[in-house]
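Novice: Have a look at this one.
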Amino acid sequence: MGSKMYMKPIIKKQLPGNMNKFGAVYHRNYRDEIDGVKINELIDRFNSPLFVFSEKTIRTTYRNIYREFSNQYPKVQFSWSYKTNYLDAVCSIFHQEGQFAEVVSEFEYQKARRLGVPGNKIIYNGPFKPEASLEKAFKEGAIVNLDHFDEIIKAENVAKKMGKRVNIGIRLNMDTGIYPQWSRFGFNLDNSSAYDAVKRINMSEWLNLSGLHAHIGTFILDYKAYSIQVKKMIDFMKKIENEFQISIEFLDFGGGFPSKNKLKGTYLPPEIAVPDVKEYIETISNALLSNLAPNEYPTVYMETGRAMIDEAGFLITTIEGIKRLPDGTKSYIIDAGINILYTSYWYNYKVEVDRPTQGAYENAIVYGPLCMNIDVILENAFLPPLSKGNRLILSPMGAYNVTQWMQFIQFRPAVVMIMEDGKVEEIRRAEKLEDITNLETVPEKLKHFIL
Ligand SMILES: Cc1ncc(COP(=O)(O)O)c(C=O)c1O
């Protein structure tokens with residue numbers, strides 16, 4: 001019989017179920033299934049780690065948000081923010097539900113077109129649009145929002161070359177009380193930059209200004225900021241419509257609603273700290289209805305990203321090792337690293353264990369499998385004693401991970417979707433060595449070596 005491993009004894013004050021100085025303790029719950037499909041079944045079929053998306057949650061989340069908004073302001077059109085999650089299956093659900101595509105690069109534009117989104121249902125944002133893709137976008141009737149003066153000139157040249165006057169929108173930034181202010185995108189509304197841009201566009205025989213866009217930031221916890229944004233954009237719209245006899249057809253308020261993830265540094269749990277999405281929608285529609293006459297209502301585009309998808313995504317990961325650090329802190333090594341968990345920089349994820357556990361909870365560090373000191377997934381997770389092979393289910397995971405993940409020393413894992421009927425579909429297979437090496441070429445003189 002082998003000897004038992006030494007574990008340093010600790011005394012820990014327990015506050016079961018109550019709010020304590022770590023916020024609400026919600027990870028006491030265990031989860032052995034997602035949408036009725038057992039965690040073990042998923043891992044047996046697709047291996048660990050595994051990203052899992054719920055079709056039901058994606059559709060329900062969108063439908064609730066759309067119903068709430070359109071009940072108050074019917075001329076609203078949601079456009080799926082590709083950068084938040086551009087897996088084909090995820091985008092297809094949103095397009096089936098009627099969302100346009102919101103893209104910020106040539107790559108995303110191509111991806112949306114390949115999926116079958118018509119050009120005139122694509123909003124093309126982003127600070128860099130290559131000339132060829134701008135031309136394609138104009139030809140296909142996309143809604144193009146320009147970011148800076150050089151881009152105005154570029155768009156004008158492209159339109160002139162095409163011999164066609166094109167519709168464009170401009171991107172704005174402004175002080176809405178959200179700091180640090182997102183001022184790097186678009187033209188500033190609080191100084192004369194936005195006004196100068198309109199003047200310049202109005203002088204062009206090739207450009208027709210038809211819309212105003214602004215994305216004031218992300219994970220915005222103060223929904224009143226939207227009231228300032230909407231009012232400022234409407235005031236500006238009225239001013240330029242009067243002065244230049246133009247007609248603004250759409251206002252695009254970008255994204256920015258928070259998800260129910262737990263931001264690092266926030267004391268309260270997200271159930272308390274994050275306002276309901278209804279508050280945001282009500283604020284925006286109230287600002288629209290109170291600042292416009294009924295005959296003036298423009299089409300409103302919304303580019304809501306993380307609030308639409310975050311809670312629909314999970315990562316199942318497995319404990320591969322357990323250690324005490326020299327200072328006595330418990331630590332676990334899991335099989336998913338920061339390279340596939342980009343959002344671990346700013347969130348303390350919800351952690352659920354795949355089985356009921358017994359024993360005293362204590363603070364633990366959860367490390368990933370990378371040979372990097374910075375590979376820390378959770379710095380201060382309050383966990384029961386766990387064993388090798390236990391699975392941790394981390395969430396919300398749906399926004400910004402499977403687009404910003406990075407292939408680094410490991411294969412990126414599979415992504416599956418649990419469909420509404422309970423079937424499990426693999427929507428992105430796990431990477432293989434050839435996926436990476438197929439992109440490489442070895443010059444002839446480097447092909448042979450003797451070791
Ligand atoms: C132009 C634009 N629209 C929409 C979004 C989606 O934002 P969020 O995920 O905060 O809703 C972003 C994200 O940064 C963006 O840059």
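By order of appearance in the structure tokens: chains A, B, ..., then residues from 1 within every chain, and ligands from 1 in the order shown.
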Among the residues of stretch 143-333 of chain A, find those DSSP assigns to helix (DSSP H, G or I) from the backbone and print them as a count of residues only.

Specialist: 75

Novice: Would you list the residues that come within 10 Å of ligand 1? Count only C-alpha atoms and all ligand atoms and give the answer as a PyMOL selection string.

Specialist: chain A and resi 79-85+102-104+123-127+145+171+182+185+213-220+252-259+302-310+399-400

Novice: State, in Å with one decimal place, the distance from atom CA of A:Asp235 to atom CA of A:Pro180.

Specialist: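 Between atom CA of A:Asp235 and atom CA of A:Pro180 the gap is 23.4 Å.
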
Novice: I want to know what sits within 10 Å of A:Asp88, based on only C-alpha atoms, with residues of the same chain fewer than 5 positions away left out; could you give that as a list in words?

Specialist: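 The filter keeps Tyr82, Ile93, Lys111, Ala112, Arg114, Leu115, Ile427 and Arg428 of chain A.
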
Novice: Which polymer residues have any atom within 7 Å of an atom of A:Val300, counting only C-alpha atoms, with same-chain residues fewer than 2 positions away left out, as a ChimeraX atom specification?

Specialist: /A:75-77,250-252,298,302
